[in-house]
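Peer 1: Okay, so here is my_file16.cif, and as you'll see once you scroll down, it has mmCIF, C-alpha atoms.
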```cif
data_final
#
loop_
_atom_site.label_atom_id
_atom_site.label_comp_id
_atom_site.auth_asym_id
_atom_site.auth_seq_id
_atom_site.Cartn_x
_atom_site.Cartn_y
_atom_site.Cartn_z
CA GLY A 1 0.00 0.00 0.00
CA ARG A 2 2.79 2.43 0.89
CA GLN A 3 4.69 1.58 -2.30
CA ALA A 4 1.55 2.09 -4.39
CA GLY A 5 0.96 5.44 -2.66
CA ARG A 6 4.43 6.61 -3.56
CA GLN A 7 4.00 5.52 -7.15
CA ALA A 8 0.72 7.44 -7.34
CA ALA A 9 2.40 10.51 -5.83
CA ARG A 10 5.23 10.19 -8.35
CA ALA A 11 2.71 10.03 -11.18
CA HIS A 12 1.36 13.42 -10.05
CA GLY A 13 4.79 14.98 -9.50
CA THR A 14 5.51 18.40 -10.95
CA MET A 15 8.77 17.25 -12.54
CA ALA A 16 9.86 13.97 -14.04
CA GLY A 17 11.27 11.70 -11.32
CA VAL A 18 10.32 14.06 -8.44
CA VAL A 19 7.71 12.99 -5.91
CA ASN A 20 6.03 16.09 -4.53
CA ARG A 21 3.15 15.24 -2.22
CA SER A 22 1.53 17.01 0.69
CA VAL A 23 2.48 15.80 4.17
CA GLY A 24 0.01 16.71 6.94
CA MET A 25 1.00 17.21 10.56
CA MET A 26 -0.60 13.90 11.52
CA ASP A 27 1.40 12.05 8.88
CA GLU A 28 3.70 9.33 10.15
CA ALA A 29 6.65 11.36 8.90
CA TYR A 30 6.28 13.73 11.86
CA PHE A 31 6.54 10.89 14.36
CA VAL A 32 10.09 9.98 13.36
CA GLY A 33 12.32 10.56 16.38
CA ARG A 34 15.24 12.94 16.80
CA LYS A 35 17.80 10.11 16.97
CA VAL A 36 16.54 8.60 13.73
CA ILE A 37 16.89 11.95 11.97
CA ILE A 38 20.38 12.68 13.31
CA ASP A 39 21.70 9.20 12.56
CA TRP A 40 20.24 9.39 9.03
CA LEU A 41 21.96 12.73 8.34
CA ASN A 42 25.27 11.59 9.82
CA GLU A 43 25.36 8.42 7.72
CA LEU A 44 24.09 10.03 4.52
CA LEU A 45 26.39 13.07 4.60
CA HIS A 46 29.26 11.74 6.77
CA LEU A 47 28.64 14.35 9.44
CA ASN A 48 29.02 14.31 13.20
CA LEU A 49 25.81 16.03 14.28
CA SER A 50 24.59 15.64 17.85
CA LYS A 51 21.66 18.09 17.95
CA ILE A 52 18.81 18.93 15.60
CA GLU A 53 19.53 22.63 16.18
CA GLU A 54 22.79 22.23 14.21
CA THR A 55 20.70 22.07 11.03
CA ALA A 56 19.29 25.59 11.57
CA SER A 57 21.74 27.28 9.18
CA GLY A 58 20.17 25.52 6.17
CA ALA A 59 23.51 24.09 4.98
CA VAL A 60 22.60 20.51 5.88
CA ALA A 61 19.31 20.71 3.99
CA CYS A 62 21.15 22.05 0.95
CA GLN A 63 23.48 19.03 0.93
CA VAL A 64 20.61 16.58 1.34
CA MET A 65 19.10 18.06 -1.83
CA ASP A 66 22.54 17.92 -3.50
CA CYS A 67 22.79 14.22 -2.65
CA LEU A 68 19.26 13.61 -3.93
CA PHE A 69 19.50 15.72 -7.11
CA PRO A 70 23.13 16.02 -8.22
CA GLY A 71 24.03 19.17 -10.07
CA LYS A 72 20.98 21.09 -8.88
CA VAL A 73 22.56 22.71 -5.80
CA PRO A 74 25.39 25.29 -6.15
CA MET A 75 27.37 23.98 -3.20
CA ALA A 76 29.97 26.76 -3.56
CA LYS A 77 27.33 29.21 -2.32
CA VAL A 78 26.57 27.22 0.84
CA ASN A 79 28.11 28.72 3.98
CA TRP A 80 28.74 25.97 6.55
CA GLY A 81 30.31 28.46 8.95
CA ALA A 82 27.24 30.73 9.04
CA LYS A 83 26.82 32.44 12.41
CA THR A 84 24.44 35.35 11.86
CA ASP A 85 20.80 35.46 10.77
CA TYR A 86 21.88 37.13 7.54
CA GLU A 87 24.22 34.26 6.69
CA PHE A 88 21.53 31.71 7.59
CA VAL A 89 19.07 33.47 5.28
CA ASN A 90 21.55 33.31 2.40
CA ASN A 91 21.75 29.53 2.76
CA TYR A 92 17.96 29.27 2.71
CA LYS A 93 17.89 31.41 -0.43
CA VAL A 94 20.05 28.75 -2.09
CA LEU A 95 17.65 26.06 -0.86
CA GLN A 96 14.60 27.99 -2.03
CA SER A 97 16.11 28.41 -5.49
CA VAL A 98 16.60 24.63 -5.66
CA PHE A 99 13.01 24.04 -4.59
CA ALA A 100 11.82 26.46 -7.25
CA LYS A 101 13.99 24.75 -9.89
CA LEU A 102 12.58 21.34 -8.99
CA LYS A 103 9.07 22.78 -8.41
CA VAL A 104 8.93 21.41 -4.88
CA ASP A 105 5.69 22.58 -3.31
CA ARG A 106 7.00 23.30 0.18
CA ALA A 107 7.13 26.69 1.93
CA ILE A 108 10.32 27.21 3.95
CA GLU A 109 9.58 29.13 7.15
CA VAL A 110 12.98 30.81 7.24
CA ASP A 111 12.11 33.23 10.04
CA LYS A 112 11.37 30.30 12.36
CA LEU A 113 14.21 27.99 11.30
CA ILE A 114 16.99 30.57 11.73
CA ARG A 115 16.06 30.94 15.41
CA ALA A 116 17.47 27.42 15.93
CA ARG A 117 14.47 26.24 17.91
CA TYR A 118 14.33 22.49 18.36
CA GLN A 119 10.72 21.83 17.34
CA ASP A 120 10.72 23.98 14.17
CA ASN A 121 13.95 22.44 12.86
CA LEU A 122 12.91 18.90 13.84
CA GLU A 123 9.68 19.19 11.85
CA PHE A 124 11.54 20.51 8.80
CA MET A 125 14.07 17.66 8.97
CA GLN A 126 11.24 15.15 9.38
CA TRP A 127 9.62 16.48 6.23
CA LEU A 128 12.99 16.47 4.42
CA LYS A 129 13.55 12.81 5.31
CA ARG A 130 10.11 11.91 3.99
CA PHE A 131 10.85 13.85 0.79
CA TYR A 132 14.18 12.00 0.47
CA ASP A 133 12.54 8.61 1.03
CA ASP A 134 9.85 9.38 -1.54
CA ASN A 135 12.42 10.38 -4.16
CA TYR A 136 15.14 7.82 -3.38
CA SER A 137 15.20 5.48 -6.36
CA GLY A 138 17.24 2.71 -4.79
CA VAL A 139 20.16 3.23 -7.20
CA VAL A 140 23.54 2.99 -5.47
CA GLU A 141 26.03 5.53 -6.76
CA ASP A 142 29.18 7.10 -5.39
CA TYR A 143 28.44 10.39 -3.64
CA ASP A 144 31.51 12.02 -2.12
CA ALA A 145 29.76 13.95 0.64
CA ILE A 146 32.94 15.44 2.10
CA GLU A 147 34.29 16.57 -1.27
CA ARG A 148 30.95 18.18 -2.14
CA ARG A 149 30.81 19.88 1.26
CA ASN A 150 34.35 21.22 0.87
CA ARG A 151 33.19 23.29 -2.08
CA GLY A 152 31.34 25.55 0.34
CA LYS A 153 32.61 28.00 2.98
CA GLY A 154 33.38 27.42 6.66
CA VAL A 155 33.42 23.63 6.33
CA SER A 156 35.57 23.29 9.45
CA GLN A 157 32.45 23.99 11.52
CA TYR A 158 31.07 20.60 10.40
CA PRO A 159 33.83 18.00 10.82
CA PRO A 160 33.19 14.58 9.27
CA ALA A 161 32.20 11.66 11.44
CA ALA A 162 34.96 9.59 13.04
CA GLY A 163 36.47 7.30 10.44
CA GLY A 164 35.21 9.48 7.58
CA ALA A 165 37.39 10.47 4.67
CA SER A 166 39.54 13.58 4.98
CA ALA A 167 39.15 16.63 2.80
CA GLY A 168 39.96 15.87 -0.82
CA ALA A 169 39.98 12.13 -0.28
CA SER A 170 37.43 9.74 -1.63
CA ALA A 171 34.54 9.40 0.82
CA PRO A 172 32.52 6.21 1.29
CA ALA A 173 29.68 5.82 -1.15
CA ALA A 174 26.31 7.23 -0.16
CA ARG A 175 23.12 6.16 -1.79
CA ARG A 176 21.09 8.65 -3.80
CA PRO A 177 18.87 8.53 -6.90
CA ALA A 178 20.14 8.98 -10.41
CA ALA A 179 19.61 12.41 -11.94
CA PRO A 180 16.03 12.83 -13.28
CA ARG A 181 15.73 12.36 -17.01
CA ALA A 182 12.94 13.68 -19.16
CA GLY A 183 10.44 11.10 -20.35
CA ARG A 184 10.97 8.45 -17.71
CA THR A 185 10.55 7.94 -14.01
CA ALA A 186 13.43 6.57 -12.01
CA PRO A 187 12.59 3.02 -10.87
CA ARG A 188 12.13 2.35 -7.19
CA ALA A 189 13.95 -0.87 -6.42
CA THR A 190 12.80 -0.86 -2.78
CA ALA A 191 11.05 1.41 -0.34
CA LYS A 192 13.99 1.12 2.05
CA ALA A 193 15.47 4.49 3.08
CA SER A 194 19.08 5.08 3.99
CA SER A 195 18.77 4.90 7.74
CA PRO A 196 21.42 3.92 10.29
CA VAL A 197 18.92 2.58 12.80
CA PRO A 198 17.54 -0.96 12.76
CA ALA A 199 14.46 -1.45 10.65
CA LYS A 200 12.52 -2.60 13.71
CA GLU A 201 13.19 0.65 15.57
CA ASN A 202 12.37 2.77 12.53
CA ASP A 203 9.09 0.90 11.93
CA ARG A 204 8.11 1.39 15.55
CA ALA A 205 8.64 5.16 15.22
CA MET A 206 6.85 5.37 11.87
CA ASN A 207 3.83 3.42 13.14
CA LYS A 208 3.45 5.43 16.34
CA PRO A 209 0.03 6.98 15.52
CA ALA A 210 -1.59 3.60 14.79
CA ALA A 211 0.09 1.87 17.75
CA ASN A 212 -0.94 4.59 20.21
CA PRO A 213 -4.36 6.04 19.33
CA ALA A 214 -4.56 7.66 22.77
CA ALA A 215 -1.51 9.76 21.91
CA THR A 216 -3.08 10.76 18.59
CA LYS A 217 -6.28 11.78 20.36
CA LYS A 218 -4.26 13.76 22.87
CA VAL A 219 -2.43 15.60 20.10
CA GLU A 220 -5.71 16.41 18.38
CA SER A 221 -7.12 17.70 21.67
CA LEU A 222 -4.05 19.88 22.24
CA ASN A 223 -4.30 21.24 18.69
CA ALA A 224 -7.97 22.10 19.30
CA ASP A 225 -7.06 23.83 22.56
CA LEU A 226 -4.32 25.75 20.79
CA GLU A 227 -6.70 26.84 18.04
CA SER A 228 -9.22 27.97 20.65
CA ALA A 229 -6.53 29.88 22.55
CA ASN A 230 -5.38 31.59 19.36
CA LYS A 231 -8.96 32.58 18.55
CA TYR A 232 -9.43 33.97 22.06
CA ASN A 233 -6.14 35.86 21.75
CA ASP A 234 -7.33 37.41 18.49
CA GLU A 235 -10.55 38.50 20.19
CA LEU A 236 -8.62 40.07 23.07
CA SER A 237 -6.35 41.87 20.61
CA GLY A 238 -9.41 43.31 18.90
CA GLN A 239 -10.82 44.48 22.23
CA VAL A 240 -7.51 46.09 23.17
CA GLN A 241 -7.43 48.00 19.89
CA THR A 242 -11.01 49.18 20.46
CA LEU A 243 -10.21 50.34 23.99
CA GLN A 244 -7.07 52.12 22.81
CA ALA A 245 -9.14 53.99 20.23
CA GLU A 246 -11.69 54.97 22.90
CA VAL A 247 -8.91 56.17 25.23
CA ALA A 248 -7.46 58.31 22.45
CA GLU A 249 -10.89 59.82 21.75
CA LEU A 250 -11.49 60.55 25.46
CA LYS A 251 -8.09 62.22 25.70
CA LEU A 252 -9.00 64.51 22.83
CA GLN A 253 -12.28 65.37 24.54
CA ALA A 254 -10.49 66.05 27.85
CA ASP A 255 -8.04 68.35 26.10
CA GLY A 256 -10.97 70.20 24.56
CA PHE A 257 -12.70 70.55 27.94
CA GLU A 258 -9.53 71.93 29.52
CA LYS A 259 -9.16 74.55 26.81
CA GLU A 260 -12.85 75.52 27.18
CA ARG A 261 -12.49 75.74 30.98
CA ASP A 262 -9.42 77.96 30.70
CA PHE A 263 -11.21 80.16 28.18
CA TYR A 264 -14.23 80.85 30.47
CA PHE A 265 -12.04 81.20 33.55
CA ASP A 266 -10.05 83.95 31.83
CA LYS A 267 -13.32 85.65 30.86
CA LEU A 268 -14.60 85.58 34.47
CA ARG A 269 -11.29 86.85 35.75
CA ASP A 270 -11.50 89.79 33.37
CA VAL A 271 -15.03 90.54 34.65
CA GLU A 272 -13.81 90.36 38.25
CA VAL A 273 -10.96 92.79 37.64
CA LEU A 274 -13.31 95.14 35.79
CA LEU A 275 -15.80 95.18 38.68
CA GLN A 276 -13.12 95.65 41.30
CA ASN A 277 -11.88 98.71 39.45
CA TYR A 278 -15.36 100.11 38.82
CA ARG A 279 -15.89 103.60 40.32
CA GLY A 280 -19.40 104.38 39.10
CA GLY A 281 -22.52 105.05 41.15
CA ASP A 282 -24.24 101.66 40.81
CA ARG A 283 -22.17 99.97 43.51
CA GLU A 284 -25.04 97.73 44.62
CA ILE A 285 -25.08 96.04 41.22
CA VAL A 286 -21.34 95.55 41.43
CA ARG A 287 -21.74 93.93 44.85
CA GLU A 288 -24.42 91.50 43.60
CA VAL A 289 -22.35 90.46 40.58
CA LEU A 290 -19.29 89.85 42.75
CA LYS A 291 -21.49 87.81 45.09
CA VAL A 292 -22.40 85.55 42.17
CA LEU A 293 -18.73 85.23 41.20
CA TYR A 294 -17.60 84.28 44.70
CA ALA A 295 -20.50 81.97 45.60
CA THR A 296 -19.74 78.28 46.35
CA GLU A 297 -21.75 75.15 46.98
CA ASP A 298 -21.05 75.39 50.72
CA ASP A 299 -22.34 78.99 50.95
CA GLU A 300 -26.08 78.36 50.72
CA ASN A 301 -27.18 81.76 52.13
CA GLY A 302 -24.62 83.76 50.21
CA GLU A 303 -23.31 85.47 53.34
CA ALA A 304 -19.70 84.47 52.81
CA ALA A 305 -19.92 85.48 49.15
CA LEU A 306 -21.31 88.90 50.16
CA ALA A 307 -18.54 89.42 52.69
CA ALA A 308 -15.96 88.53 50.06
CA ALA A 309 -17.56 90.98 47.64
CA GLU A 310 -17.55 93.82 50.18
CA ALA A 311 -13.93 93.06 51.12
CA ALA A 312 -12.95 93.24 47.46
CA LEU A 313 -14.72 96.57 47.04
CA ALA A 314 -13.19 97.98 50.22
CA GLU A 315 -9.74 96.91 49.11
CA ALA A 316 -10.23 98.52 45.73
CA ASP A 317 -11.45 101.80 47.26
CA ALA A 318 -8.59 101.82 49.78
CA ASP A 319 -6.12 101.57 46.94
CA GLU A 320 -7.64 104.68 45.39
CA GLY A 321 -7.89 106.57 48.70
CA HIS A 322 -11.71 106.52 48.77
CA GLU A 323 -14.12 105.35 51.43
CA LEU A 324 -17.12 103.22 50.66
CA GLU A 325 -20.44 104.94 50.94
CA PRO A 326 -22.51 103.86 53.99
CA ALA A 327 -25.43 102.86 51.78
CA VAL A 328 -23.21 100.51 49.83
CA LEU A 329 -21.80 98.72 52.87
CA ALA A 330 -25.14 98.42 54.63
CA GLU A 331 -27.05 95.15 54.58
#
```
Please render this file's structure as structure tokens.

Peer 2:
Amino acid sequence: GRQAGRQAARAHGTMAGVVNRSVGMMDEAYFVGRKVIIDWLNELLHLNLSKIEETASGAVACQVMDCLFPGKVPMAKVNWGAKTDYEFVNNYKVLQSVFAKLKVDRAIEVDKLIRARYQDNLEFMQWLKRFYDDNYSGVVEDYDAIERRNRGKGVSQYPPAAGGASAGASAPAARRPAAPRAGRTAPRATAKASSPVPAKENDRAMNKPAANPAATKKVESLNADLESANKYNDELSGQVQTLQAEVAELKLQADGFEKERDFYFDKLRDVEVLLQNYRGGDREIVREVLKVLYATEDDENGEAALAAAEAALAEADADEGHELEPAVLAE
């Protein structure tokens, strides 16, 4: 069944000899363990990797594609000594150009991979291994992994595995498919992938979803919870934006109220000064207006306001050397 599925996928490939099929997150490919992936890369490319994070620069993925499709990857452009995000991105540009050339329908999430996070890089390597297995034709040819790697820059950052060939020497043969040729599909002698682990261990990892349905159900439940949390987060973000807009509008209104308050306060102050300096005969009217100006909520009878008004008038008259008329000061 698996062999027939691969043949069907190959029949729908976008390029002769290239299997290009969609791999969902619940596919068995994503249940292949870290050790299986690392051992596969070390044997295939004669590397000495110990962590998945060491593949974050994109150089390893480039060489896997070079092993799978000889002549399609410009290995001289691959920087094995990449340290910065910019250098990582350049390696992924090389990989993306190869994908485009082969019409591989796979988006490379460069911004996630260059952060060297375990889970992101593990999932990408799991997909890459599945892609390799799908396109491996079973033809054994000499692939000098070390010599091909030495064409790039900073190769000393990735020393070969113990017992591997030295730079410039002939490396042990690695298995890869013959170059695709127009008009025919490379035969698949077997479905066996180049894996350093025992077949029994690899089968146990590949069959994990079927062997442990409880784990599959748990993963689906966690994915549902994550989707719900993301939806709730989006709703909260929308509410925050709405509240921020309301706060901005209220601030504008408050600024307007402050300006209006200052405007009328200045007007009342001008009226107060004008009345205090008034020297006409209608002093009773002046006193009543000042009483209104000085009145407060606590002064219900207006007595304190009247006293304040009379004190203001007396002070103004004293400054001018005049005495208040008795009729004005009388109750």

Peer 1: Nearest to Asp142 of chain A: which of A:Arg106, A:Asp270, A:Pro70, A:Val18 is it, counting all atoms listed in the file?

Peer 2: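 Ranking A:Arg106, A:Asp270, A:Pro70, A:Val18 by distance to Asp142 of chain A, first place goes to A:Pro70.
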
Peer 1: Running the PyMOL selection byres ((chain A and resi 78-88) around 6) on this model by hand, what would come out? Give it as a ChimeraX atom specification.

Peer 2: /A:57,59,75-77,89-91,152-155,157

Peer 1: Grab the atom CA of Tyr264 of chain A to atom CA of Lys291 of chain A distance for me, in Å with one decimal place.

Peer 2: 17.7 Å

Peer 1: What's the separation between atom CA of Glu227 of chain A and atom CA of Glu123 of chain A, in Å to one decimal place?

Peer 2: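 A separation of 19.1 Å between them.
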
Peer 1: Hey, which of A:Leu68, A:Ile108, A:Leu274, A:Leu243 ends up closest to Ser137 of chain A? Count only C-alpha atoms.

Peer 2: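 Closest candidate: A:Leu68.
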
Peer 1: May I have the residues within 12 Å of Gln63 of chain A as a ChimeraX atom specification, using all atoms listed in the file and disregarding those fewer than 4 positions away in the same chain?

Peer 2: /A:41-42,44-47,55,57-59,67-80,91-92,94-95,98,128,132,143-152,176

Peer 1: Can you measure atom CA of Tyr158 of chain A to atom CA of Ala116 of chain A for me? One decimal in Å is fine.

Peer 2: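 Atom CA of Ala116 of chain A lies at a distance of 16.2 Å from atom CA of Tyr158 of chain A.
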
Peer 1: May I have the protein, DNA and RNA residues with an atom at most 9 Å from (19.4, 12.8, 14.9), counting only C-alpha atoms in the file's coordinates, returned as a PDB file with C-alpha atoms, keeping the file's coordinate frame?

Peer 2:
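Generated output (part.pdb):
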```pdb
ATOM      1  CA  GLY A  33      12.320  10.560  16.380  1.00  0.00           C
ATOM      2  CA  ARG A  34      15.240  12.940  16.800  1.00  0.00           C
ATOM      3  CA  LYS A  35      17.800  10.110  16.970  1.00  0.00           C
ATOM      4  CA  VAL A  36      16.540   8.600  13.730  1.00  0.00           C
ATOM      5  CA  ILE A  37      16.890  11.950  11.970  1.00  0.00           C
ATOM      6  CA  ILE A  38      20.380  12.680  13.310  1.00  0.00           C
ATOM      7  CA  ASP A  39      21.700   9.200  12.560  1.00  0.00           C
ATOM      8  CA  TRP A  40      20.240   9.390   9.030  1.00  0.00           C
ATOM      9  CA  LEU A  41      21.960  12.730   8.340  1.00  0.00           C
ATOM     10  CA  ASN A  42      25.270  11.590   9.820  1.00  0.00           C
ATOM     11  CA  LEU A  49      25.810  16.030  14.280  1.00  0.00           C
ATOM     12  CA  SER A  50      24.590  15.640  17.850  1.00  0.00           C
ATOM     13  CA  LYS A  51      21.660  18.090  17.950  1.00  0.00           C
ATOM     14  CA  ILE A  52      18.810  18.930  15.600  1.00  0.00           C
ATOM     15  CA  LEU A 122      12.910  18.900  13.840  1.00  0.00           C
TER      16      LEU A 122
END
```

Peer 1: Residues within 9 Å of Lys129 of chain A, please, as a VMD selection string. Count only C-alpha atoms; anything in the same chain fewer than 2 positions from it doesn't count.

Peer 2: chain A and resid 29 37 40 to 41 64 124 to 127 131 to 134 193

Peer 1: Please return the centre and edge lengths, in Å to one decimal, of a box with edges along x, y and z that contains all listed atoms of segment 235-252 of chain A, widened by 4 Å on every side, as AutoDock Vina command-line options.

Peer 2:
```
--center_x -9.0 --center_y 51.5 --center_z 22.3 --size_x 13.3 --size_y 34.0 --size_z 14.8
```

Peer 1: Just so the selection is clear, what residues does the PyMOL selection byres ((chain A and resi 294-296) around 12) cover here, as a list in words?

Peer 2: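 Applied to this file, the PyMOL selection byres ((chain A and resi 294-296) around 12) returns Leu268, Arg269, Glu272, Arg287, Glu288, Val289, Leu290, Lys291, Val292, Leu293, Glu297, Asp298, Asp299, Glu300, Asn301, Gly302, Glu303, Ala304, Ala305, Leu306, Ala307, Ala308, Ala309, Glu310, Ala311 and Ala312 of chain A.
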